[in-house]
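Structure file structure12.cif (mmCIF, C-alpha atoms) follows.
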data_input
loop_
_atom_site.group_PDB
_atom_site.id
_atom_site.type_symbol
_atom_site.label_atom_id
_atom_site.label_comp_id
_atom_site.auth_asym_id
_atom_site.auth_seq_id
_atom_site.Cartn_x
_atom_site.Cartn_y
_atom_site.Cartn_z
ATOM 1 C CA VAL A 84 26.168 204.840 -25.797
ATOM 2 C CA ALA A 85 23.654 204.668 -28.629
ATOM 3 C CA THR A 86 21.490 207.776 -28.660
ATOM 4 C CA ARG A 87 18.359 205.658 -29.112
ATOM 5 C CA ASN A 88 19.212 203.707 -25.960
ATOM 6 C CA ALA A 89 19.909 206.904 -24.025
ATOM 7 C CA TYR A 90 16.453 208.130 -25.017
ATOM 8 C CA ARG A 91 14.796 204.869 -23.983
ATOM 9 C CA ASP A 92 16.489 204.771 -20.600
ATOM 10 C CA ARG A 93 15.666 208.394 -19.812
ATOM 11 C CA LEU A 94 12.014 208.009 -20.786
ATOM 12 C CA LEU A 95 11.727 204.877 -18.636
ATOM 13 C CA ALA A 96 13.171 206.813 -15.700
ATOM 14 C CA LEU A 97 10.690 209.674 -16.131
ATOM 15 C CA MET A 98 7.441 207.808 -16.754
ATOM 16 C CA PRO A 99 6.749 206.600 -13.179
ATOM 17 C CA ASP A 100 6.731 210.172 -11.832
ATOM 18 C CA HIS A 101 5.224 211.936 -14.866
ATOM 19 C CA HIS A 102 1.794 210.405 -15.178
ATOM 20 C CA ARG A 103 0.800 212.042 -18.480
ATOM 21 C CA LEU A 104 3.736 210.566 -20.398
ATOM 22 C CA VAL A 105 2.801 207.773 -22.802
ATOM 23 C CA CYS A 106 5.061 205.535 -24.899
ATOM 24 C CA LEU A 107 3.639 204.461 -28.279
ATOM 25 C CA ASP A 108 5.699 201.899 -30.186
ATOM 26 C CA THR A 109 5.725 200.332 -33.672
ATOM 27 C CA ASP A 110 7.395 196.968 -33.127
ATOM 28 C CA THR A 111 10.797 198.635 -32.915
ATOM 29 C CA GLY A 112 12.001 196.250 -30.220
ATOM 30 C CA LEU A 113 13.578 199.164 -28.381
ATOM 31 C CA PHE A 114 11.436 198.581 -25.301
ATOM 32 C CA ALA A 115 11.488 194.786 -25.319
ATOM 33 C CA GLY A 116 11.833 193.594 -21.724
ATOM 34 C CA ALA A 117 11.993 197.158 -20.417
ATOM 35 C CA ASP A 118 11.166 197.952 -16.791
ATOM 36 C CA PHE A 119 8.539 200.699 -16.764
ATOM 37 C CA GLY A 120 8.535 200.928 -12.971
ATOM 38 C CA GLY A 121 4.785 200.617 -12.623
ATOM 39 C CA ALA A 122 3.941 202.604 -15.762
ATOM 40 C CA GLU A 123 3.441 199.548 -17.990
ATOM 41 C CA GLU A 124 -0.149 200.495 -18.780
ATOM 42 C CA ARG A 125 1.157 203.620 -20.531
ATOM 43 C CA TYR A 126 3.147 201.603 -23.041
ATOM 44 C CA VAL A 127 1.229 200.615 -26.189
ATOM 45 C CA ASN A 128 2.692 198.740 -29.146
ATOM 46 C CA ILE A 129 0.595 199.732 -32.140
ATOM 47 C CA GLY A 130 2.547 197.567 -34.574
ATOM 48 C CA ILE A 131 4.081 198.478 -37.903
ATOM 49 C CA ALA A 132 1.530 201.182 -38.683
ATOM 50 C CA GLU A 133 3.367 204.508 -38.616
ATOM 51 C CA HIS A 134 0.567 206.676 -40.011
ATOM 52 C CA GLN A 135 -1.833 205.256 -37.441
ATOM 53 C CA LEU A 136 0.826 205.803 -34.756
ATOM 54 C CA MET A 137 0.807 209.550 -35.383
ATOM 55 C CA GLY A 138 -2.992 209.717 -35.461
ATOM 56 C CA VAL A 139 -3.288 207.904 -32.133
ATOM 57 C CA ALA A 140 -0.611 210.170 -30.639
ATOM 58 C CA ALA A 141 -2.437 213.283 -31.848
ATOM 59 C CA GLY A 142 -5.692 212.101 -30.300
ATOM 60 C CA MET A 143 -4.035 211.365 -26.973
ATOM 61 C CA ALA A 144 -2.201 214.708 -26.985
ATOM 62 C CA ALA A 145 -5.469 216.521 -27.654
ATOM 63 C CA ASP A 146 -6.862 214.770 -24.564
ATOM 64 C CA GLY A 147 -4.048 216.020 -22.322
ATOM 65 C CA TRP A 148 -1.435 213.274 -22.625
ATOM 66 C CA THR A 149 2.159 213.727 -23.806
ATOM 67 C CA PRO A 150 2.892 210.813 -26.140
ATOM 68 C CA TRP A 151 6.358 209.688 -27.180
ATOM 69 C CA THR A 152 6.105 207.894 -30.517
ATOM 70 C CA ASN A 153 8.812 205.455 -31.583
ATOM 71 C CA THR A 154 9.654 204.577 -35.163
ATOM 72 C CA MET A 155 12.499 204.671 -37.656
ATOM 73 C CA ALA A 156 13.313 208.110 -39.055
ATOM 74 C CA ALA A 157 12.752 206.976 -42.639
ATOM 75 C CA PHE A 158 9.131 206.122 -41.816
ATOM 76 C CA ALA A 159 8.428 209.089 -39.531
ATOM 77 C CA ALA A 160 9.354 211.553 -42.284
ATOM 78 C CA SER A 161 7.787 209.778 -45.245
ATOM 79 C CA ARG A 162 5.109 207.158 -44.560
ATOM 80 C CA ALA A 163 3.674 209.134 -41.639
ATOM 81 C CA ALA A 164 4.360 212.631 -42.992
ATOM 82 C CA GLU A 165 0.749 213.552 -43.709
ATOM 83 C CA ALA A 166 -0.403 212.643 -40.208
ATOM 84 C CA VAL A 167 2.538 214.511 -38.686
ATOM 85 C CA LYS A 168 1.644 217.578 -40.746
ATOM 86 C CA ILE A 169 -2.147 217.645 -40.389
ATOM 87 C CA ASP A 170 -2.842 215.871 -37.098
ATOM 88 C CA ILE A 171 0.151 217.006 -35.052
ATOM 89 C CA ALA A 172 1.934 220.102 -36.402
ATOM 90 C CA TYR A 173 -1.198 221.866 -37.655
ATOM 91 C CA ASN A 174 -2.727 221.579 -34.188
ATOM 92 C CA ALA A 175 0.570 222.314 -32.383
ATOM 93 C CA LEU A 176 0.097 219.229 -30.213
ATOM 94 C CA PRO A 177 2.793 218.121 -27.753
ATOM 95 C CA VAL A 178 3.654 214.860 -29.527
ATOM 96 C CA ARG A 179 7.295 213.769 -29.289
ATOM 97 C CA ILE A 180 8.607 211.802 -32.267
ATOM 98 C CA ALA A 181 11.608 209.653 -31.370
ATOM 99 C CA ALA A 182 13.057 208.768 -34.776
ATOM 100 C CA THR A 183 15.760 206.094 -34.689
ATOM 101 C CA HIS A 184 18.111 204.767 -37.416
ATOM 102 C CA SER A 185 18.553 208.268 -38.802
ATOM 103 C CA GLY A 186 20.851 209.246 -41.646
ATOM 104 C CA LEU A 187 22.925 206.350 -42.980
ATOM 105 C CA SER A 188 22.824 204.337 -39.770
ATOM 106 C CA ALA A 189 20.587 201.724 -41.418
ATOM 107 C CA GLY A 190 23.032 201.485 -44.295
ATOM 108 C CA HIS A 191 22.884 197.723 -44.265
ATOM 109 C CA LEU A 192 19.190 197.888 -45.230
ATOM 110 C CA GLY A 193 19.642 200.158 -48.240
ATOM 111 C CA PRO A 194 18.008 203.425 -49.358
ATOM 112 C CA THR A 195 14.490 202.377 -48.305
ATOM 113 C CA HIS A 196 15.521 202.561 -44.646
ATOM 114 C CA GLN A 197 18.027 205.414 -44.838
ATOM 115 C CA ALA A 198 16.639 208.716 -43.565
ATOM 116 C CA LEU A 199 18.295 211.535 -45.491
ATOM 117 C CA GLU A 200 15.264 213.757 -46.033
ATOM 118 C CA ASP A 201 13.790 213.901 -42.537
ATOM 119 C CA LEU A 202 15.363 217.173 -41.403
ATOM 120 C CA ALA A 203 14.094 218.914 -44.524
ATOM 121 C CA VAL A 204 10.593 217.536 -43.999
ATOM 122 C CA MET A 205 10.352 218.275 -40.292
ATOM 123 C CA ARG A 206 11.927 221.736 -40.292
ATOM 124 C CA ALA A 207 9.476 222.792 -43.000
ATOM 125 C CA LEU A 208 6.514 222.162 -40.691
ATOM 126 C CA PRO A 209 5.230 225.111 -38.630
ATOM 127 C CA ASN A 210 5.257 224.600 -34.838
ATOM 128 C CA MET A 211 7.775 221.725 -35.064
ATOM 129 C CA THR A 212 10.956 221.704 -32.958
ATOM 130 C CA VAL A 213 13.755 219.634 -34.529
ATOM 131 C CA VAL A 214 16.606 218.373 -32.325
ATOM 132 C CA VAL A 215 19.601 216.223 -33.338
ATOM 133 C CA PRO A 216 21.533 215.235 -30.188
ATOM 134 C CA ALA A 217 25.214 214.419 -30.617
ATOM 135 C CA ASP A 218 25.646 212.003 -27.704
ATOM 136 C CA GLY A 219 23.856 210.230 -24.863
ATOM 137 C CA PRO A 220 23.894 213.058 -22.302
ATOM 138 C CA ALA A 221 22.533 215.441 -24.933
ATOM 139 C CA VAL A 222 19.641 213.059 -25.519
ATOM 140 C CA GLU A 223 18.875 212.947 -21.812
ATOM 141 C CA ALA A 224 18.917 216.752 -21.652
ATOM 142 C CA ALA A 225 16.553 217.003 -24.622
ATOM 143 C CA VAL A 226 14.090 214.502 -23.125
ATOM 144 C CA ASP A 227 14.130 216.357 -19.799
ATOM 145 C CA GLN A 228 13.634 219.740 -21.444
ATOM 146 C CA SER A 229 10.785 218.394 -23.559
ATOM 147 C CA LEU A 230 8.652 218.075 -20.427
ATOM 148 C CA ASP A 231 7.974 221.803 -20.594
ATOM 149 C CA LEU A 232 8.199 222.260 -24.357
ATOM 150 C CA PRO A 233 5.050 223.482 -26.125
ATOM 151 C CA GLY A 234 4.115 221.944 -29.447
ATOM 152 C CA PRO A 235 5.592 218.902 -31.202
ATOM 153 C CA LEU A 236 9.212 217.719 -31.115
ATOM 154 C CA TYR A 237 11.187 215.648 -33.610
ATOM 155 C CA LEU A 238 14.136 213.945 -31.891
ATOM 156 C CA ARG A 239 16.589 212.455 -34.405
ATOM 157 C CA LEU A 240 18.419 209.424 -33.017
ATOM 158 C CA GLY A 241 21.039 206.977 -34.247
ATOM 159 C CA ARG A 242 21.396 203.229 -34.096
ATOM 160 C CA LYS A 243 24.772 202.118 -32.729
ATOM 161 C CA PRO A 244 26.890 203.455 -29.834
ATOM 162 C CA THR A 245 28.880 206.627 -30.468
ATOM 163 C CA PRO A 246 31.513 208.375 -28.311
ATOM 164 C CA LEU A 247 30.708 211.063 -25.796
ATOM 165 C CA LEU A 248 31.572 214.629 -26.725
ATOM 166 C CA PRO A 249 34.233 216.565 -24.811
ATOM 167 C CA VAL A 250 32.948 218.196 -21.657
ATOM 168 C CA ALA A 251 30.855 221.241 -22.527
ATOM 169 C CA PRO A 252 27.916 223.165 -21.091
ATOM 170 C CA GLU A 253 24.717 221.120 -21.216
ATOM 171 C CA PRO A 254 22.931 221.624 -24.519
ATOM 172 C CA VAL A 255 19.741 223.649 -24.313
ATOM 173 C CA ILE A 256 17.022 223.266 -26.922
ATOM 174 C CA GLY A 257 17.086 226.330 -29.161
ATOM 175 C CA ARG A 258 20.648 227.416 -28.319
ATOM 176 C CA VAL A 259 23.813 226.561 -30.185
ATOM 177 C CA GLN A 260 26.480 224.720 -28.171
ATOM 178 C CA PRO A 261 30.025 226.058 -28.810
ATOM 179 C CA LEU A 262 32.604 223.276 -28.538
ATOM 180 C CA ARG A 263 35.743 225.044 -29.775
ATOM 181 C CA GLU A 264 36.793 228.621 -30.515
ATOM 182 C CA GLY A 265 38.517 229.840 -33.664
ATOM 183 C CA GLY A 266 38.476 232.877 -35.935
ATOM 184 C CA ASP A 267 39.517 231.527 -39.347
ATOM 185 C CA ALA A 268 36.551 229.269 -40.055
ATOM 186 C CA VAL A 269 33.413 228.031 -38.328
ATOM 187 C CA LEU A 270 32.382 224.379 -38.520
ATOM 188 C CA VAL A 271 28.674 223.900 -37.822
ATOM 189 C CA ALA A 272 27.502 220.326 -37.302
ATOM 190 C CA CYS A 273 24.645 218.282 -35.882
ATOM 191 C CA GLY A 274 24.464 214.637 -34.874
ATOM 192 C CA PRO A 275 27.108 212.325 -33.378
ATOM 193 C CA HIS A 276 29.278 211.558 -36.406
ATOM 194 C CA PRO A 277 29.220 215.037 -38.016
ATOM 195 C CA VAL A 278 30.080 216.766 -34.716
ATOM 196 C CA LEU A 279 32.948 214.355 -34.082
ATOM 197 C CA ALA A 280 34.149 214.897 -37.654
ATOM 198 C CA ALA A 281 34.116 218.664 -37.119
ATOM 199 C CA LEU A 282 36.126 218.330 -33.902
ATOM 200 C CA ASP A 283 38.666 216.039 -35.604
ATOM 201 C CA ALA A 284 39.017 218.511 -38.466
ATOM 202 C CA ALA A 285 39.504 221.462 -36.112
ATOM 203 C CA ARG A 286 42.308 219.650 -34.284
ATOM 204 C CA ALA A 287 44.054 218.762 -37.545
ATOM 205 C CA LEU A 288 43.729 222.301 -38.888
ATOM 206 C CA ALA A 289 45.086 223.798 -35.657
ATOM 207 C CA GLU A 290 48.342 221.901 -36.239
ATOM 208 C CA GLU A 291 48.617 223.759 -39.544
ATOM 209 C CA GLY A 292 47.919 227.169 -38.033
ATOM 210 C CA VAL A 293 44.250 227.375 -39.025
ATOM 211 C CA GLU A 294 41.905 227.997 -36.092
ATOM 212 C CA ALA A 295 38.390 226.699 -36.668
ATOM 213 C CA ALA A 296 35.509 227.126 -34.282
ATOM 214 C CA VAL A 297 33.127 224.183 -33.817
ATOM 215 C CA LEU A 298 29.428 224.675 -33.157
ATOM 216 C CA ASN A 299 27.095 221.849 -32.197
ATOM 217 C CA MET A 300 23.863 223.069 -33.801
ATOM 218 C CA HIS A 301 21.800 220.363 -32.144
ATOM 219 C CA THR A 302 18.576 222.341 -32.616
ATOM 220 C CA VAL A 303 17.973 222.670 -36.341
ATOM 221 C CA LYS A 304 14.632 224.364 -35.719
ATOM 222 C CA PRO A 305 14.280 226.899 -34.235
ATOM 223 C CA LEU A 306 17.795 227.762 -35.385
ATOM 224 C CA ASP A 307 19.834 229.874 -32.966
ATOM 225 C CA VAL A 308 20.483 232.679 -35.440
ATOM 226 C CA GLU A 309 21.864 235.029 -32.796
ATOM 227 C CA GLY A 310 24.362 232.448 -31.573
ATOM 228 C CA LEU A 311 25.364 231.578 -35.137
ATOM 229 C CA LEU A 312 25.970 235.207 -36.076
ATOM 230 C CA ALA A 313 28.057 235.804 -32.964
ATOM 231 C CA ALA A 314 30.294 232.830 -33.794
ATOM 232 C CA VAL A 315 30.622 233.690 -37.472
ATOM 233 C CA SER A 316 31.566 237.337 -36.894
ATOM 234 C CA GLY A 317 34.954 237.901 -38.544
ATOM 235 C CA ALA A 318 35.281 234.375 -39.955
ATOM 236 C CA GLY A 319 35.944 233.989 -43.657
ATOM 237 C CA LEU A 320 34.276 230.622 -44.101
ATOM 238 C CA VAL A 321 31.485 228.472 -42.694
ATOM 239 C CA VAL A 322 31.379 224.709 -43.257
ATOM 240 C CA THR A 323 28.250 222.768 -42.349
ATOM 241 C CA VAL A 324 28.453 219.037 -41.659
ATOM 242 C CA GLU A 325 25.447 216.741 -41.474
ATOM 243 C CA GLU A 326 24.330 213.170 -42.089
ATOM 244 C CA HIS A 327 21.586 214.251 -44.467
ATOM 245 C CA TRP A 328 21.154 215.270 -48.060
ATOM 246 C CA ARG A 329 22.662 218.707 -48.608
ATOM 247 C CA THR A 330 19.212 219.933 -49.584
ATOM 248 C CA GLY A 331 16.902 221.200 -46.873
ATOM 249 C CA GLY A 332 18.774 220.197 -43.715
ATOM 250 C CA LEU A 333 21.261 221.943 -41.446
ATOM 251 C CA GLY A 334 23.298 223.377 -44.317
ATOM 252 C CA ALA A 335 20.205 224.930 -45.831
ATOM 253 C CA ALA A 336 19.092 226.386 -42.496
ATOM 254 C CA VAL A 337 22.505 227.935 -41.820
ATOM 255 C CA THR A 338 22.812 229.283 -45.369
ATOM 256 C CA GLU A 339 19.356 230.846 -45.216
ATOM 257 C CA ALA A 340 20.154 232.581 -41.931
ATOM 258 C CA LEU A 341 23.498 233.918 -43.123
ATOM 259 C CA ALA A 342 22.056 235.087 -46.440
ATOM 260 C CA GLU A 343 19.508 237.163 -44.571
ATOM 261 C CA HIS A 344 21.737 238.559 -41.829
ATOM 262 C CA ARG A 345 25.455 238.233 -42.654
ATOM 263 C CA PRO A 346 26.409 236.882 -46.095
ATOM 264 C CA THR A 347 29.353 234.525 -45.607
ATOM 265 C CA PRO A 348 30.829 231.844 -47.888
ATOM 266 C CA VAL A 349 29.368 228.465 -46.931
ATOM 267 C CA VAL A 350 30.447 224.943 -47.883
ATOM 268 C CA ARG A 351 27.788 222.319 -47.203
ATOM 269 C CA LEU A 352 29.036 218.808 -46.503
ATOM 270 C CA GLY A 353 26.664 215.871 -46.419
ATOM 271 C CA MET A 354 25.116 213.400 -48.790
ATOM 272 C CA PRO A 355 25.137 214.464 -52.459
ATOM 273 C CA ASP A 356 21.889 214.666 -54.398
ATOM 274 C CA THR A 357 21.685 210.937 -54.967
ATOM 275 C CA PHE A 358 20.424 207.802 -53.315
ATOM 276 C CA ALA A 359 23.104 205.667 -51.724
ATOM 277 C CA SER A 360 24.701 203.620 -54.486
ATOM 278 C CA THR A 361 25.818 200.825 -52.198
ATOM 279 C CA VAL A 362 24.710 198.898 -49.141
ATOM 280 C CA GLY A 363 27.212 198.812 -46.321
ATOM 281 C CA ASP A 364 28.070 199.480 -42.723
ATOM 282 C CA HIS A 365 27.506 202.916 -41.271
ATOM 283 C CA GLY A 366 31.156 203.937 -40.971
ATOM 284 C CA GLY A 367 31.954 202.818 -44.493
ATOM 285 C CA LEU A 368 29.101 204.837 -45.950
ATOM 286 C CA LEU A 369 30.065 207.945 -43.979
ATOM 287 C CA ALA A 370 33.608 207.678 -45.316
ATOM 288 C CA HIS A 371 32.339 207.052 -48.853
ATOM 289 C CA TYR A 372 30.252 210.215 -48.820
ATOM 290 C CA GLY A 373 32.750 212.456 -47.058
ATOM 291 C CA VAL A 374 31.248 212.854 -43.586
ATOM 292 C CA THR A 375 34.671 212.538 -41.943
ATOM 293 C CA GLY A 376 37.180 214.750 -40.199
ATOM 294 C CA GLU A 377 39.542 214.502 -43.170
ATOM 295 C CA ALA A 378 36.861 215.635 -45.603
ATOM 296 C CA VAL A 379 35.904 218.576 -43.390
ATOM 297 C CA ALA A 380 39.537 219.657 -43.014
ATOM 298 C CA ASP A 381 40.058 219.335 -46.774
ATOM 299 C CA ALA A 382 37.082 221.620 -47.430
ATOM 300 C CA VAL A 383 38.567 224.291 -45.176
ATOM 301 C CA ARG A 384 42.047 223.938 -46.688
ATOM 302 C CA GLU A 385 40.752 224.211 -50.225
ATOM 303 C CA ARG A 386 38.717 227.347 -49.583
ATOM 304 C CA LEU A 387 41.102 229.171 -47.265
ATOM 305 C CA THR A 388 44.513 228.122 -48.575
ATOM 306 C CA GLY A 389 43.808 226.880 -52.074
ATOM 307 C CA ARG A 390 45.256 223.444 -51.376
ATOM 308 C CA PRO A 391 42.956 220.432 -51.063
ATOM 309 C CA ARG A 392 45.085 218.322 -48.734
ATOM 310 C CA ALA A 393 47.674 218.781 -46.016
#
As structure tokens - that is how I would like this structure written.
Amino acid sequence: VATRNAYRDRLLALMPDHHRLVCLDTDTGLFAGADFGGAEERYVNIGIAEHQLMGVAAGMAADGWTPWTNTMAAFAASRAAEAVKIDIAYNALPVRIAATHSGLSAGHLGPTHQALEDLAVMRALPNMTVVVPADGPAVEAAVDQSLDLPGPLYLRLGRKPTPLLPVAPEPVIGRVQPLREGGDAVLVACGPHPVLAALDAARALAEEGVEAAVLNMHTVKPLDVEGLLAAVSGAGLVVTVEEHWRTGGLGAAVTEALAEHRPTPVVRLGMPDTFASTVGDHGGLLAHYGVTGEAVADAVRERLTGRPRA
């Protein structure tokens, strides 16, 4: 299931019984033909006006509503950034920002629509909670938990369907989700493709006698420092995996926490410090920039065994 569709379906299911929920759209098409179950009057399409979207949402939140705003991640974190900062985060208002087409998922549209800075922008804002679900059920859990969440929320969503994760305890906002145990290295990832890449790498490494733990760090802010430290204890290497520039995102958050509490070698995998040099499909771009199980396994091999490939 596509994480953006999982979000849409869960919000539609909640709106009839939660009368302060509002859906504010920007011509995304995500809700075209949707059945709001009697809550149609609480859906408003503002049009392609992302800065105005955030201002309207802030005003409604200040009046007691809980707005869900819908736009592409590239526009939420750039075009609308000032309104998010001043109108929403500064006032700690309960606005929920559903940001679709995150990372390289709009690769066919080029760098203008690729969102590789949004985690850095959003996690820098005081009062902001930043969540990157890795599959459909995780999205549903985040939407449900947001009903009681104070302050604003940035929910980073993809574009196309992605596989479900292996069965694990339901993710809880603010707590790391362990997916695999291992004492040689710890792979910390967020988002559907990076988490799947980490799991693939851990399985490949296990066949070579290297046991790598996998952590789904779905909440980038507030980071679960306690859970991270518990998992890293005794490990000789941490590898972070994200669909984001290596600057300012998950890798930066993990490195900052470890530097302060338990210095540990960290390898950050993600987009290099460059704009995408080519337009292409999502999977091809992920492979090109090394957000794959093979690339993650190679990083562990090189640092722990001195050999780059199996």
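Applied to the file shown here, the PyMOL selection byres ((chain A and resi 162) around 12) selects the residues Ile131, Ala132, Glu133, His134, Gln135, Leu136, Met137, Thr154, Met155, Ala156, Ala157, Phe158, Ala159, Ala160, Ser161, Ala163, Ala164, Glu165, Ala166, Val167, Lys168, Thr195, His196, Ala198, Asp201 and Val204 of chain A.
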Sphere at (37.3, 233.9, -41.9), radius 7 Å, counting only C-alpha atoms: residues as a ChimeraX atom specification: /A:266-268,317-320
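Distances here use all atoms listed in the file; by that measure, the residue among A:Asn128, A:Ser316, A:Thr330, A:Asn299 closest to A:Pro346 is A:Ser316.
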Close residues, stretch 375-379 of chain A itself excluded, 10 Å, all atoms listed in the file, min 2 positions apart in chain, as number ranges by chain: A: 270, 276-288, 322-324, 350-353, 366, 369-373, 381-384, 391-393
Protein and nucleic acid residues near (21.6, 221.0, -25.1) (cut-off 8 Å, all atoms listed in the file) as a ChimeraX atom specification: /A:216,221,224-225,252-256,258-260,301
Selection under test: the PyMOL selection byres ((chain A and resi 311) around 10); residues as a PyMOL selection string: chain A and resi 258-261+269+271+298+300+306-310+312-316+337+340-341
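What the PyMOL selection byres ((chain A and resi 237-244) around 6) picks from this file is Val84, Ala85, Thr86, Arg87, Ile180, Ala181, Ala182, Thr183, His184, Ser185, Ser188, Val213, Val214, Val215, Leu236 and Thr245 of chain A.
Nearest residue to A:Pro249 among A:Leu187, A:Ala117, A:Ala217, A:Ala296 is A:Ala217, counting all atoms listed in the file.
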With a distance cut-off of 6 Å and all atoms listed in the file, select the neighbouring residues of stretch 105-108 of chain A, excluding the residue or stretch itself and same-chain residues fewer than 6 positions from it, and output the selection as a PDB file with C-alpha atoms, keeping the file's coordinate frame.
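Result written to result_0.pdb:
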ATOM      1  CA  ARG A 125       1.157 203.620 -20.531  1.00  0.00           C
ATOM      2  CA  TYR A 126       3.147 201.603 -23.041  1.00  0.00           C
ATOM      3  CA  VAL A 127       1.229 200.615 -26.189  1.00  0.00           C
ATOM      4  CA  ASN A 128       2.692 198.740 -29.146  1.00  0.00           C
ATOM      5  CA  ILE A 129       0.595 199.732 -32.140  1.00  0.00           C
ATOM      6  CA  PRO A 150       2.892 210.813 -26.140  1.00  0.00           C
ATOM      7  CA  TRP A 151       6.358 209.688 -27.180  1.00  0.00           C
ATOM      8  CA  THR A 152       6.105 207.894 -30.517  1.00  0.00           C
ATOM      9  CA  ASN A 153       8.812 205.455 -31.583  1.00  0.00           C
TER      10      ASN A 153
END
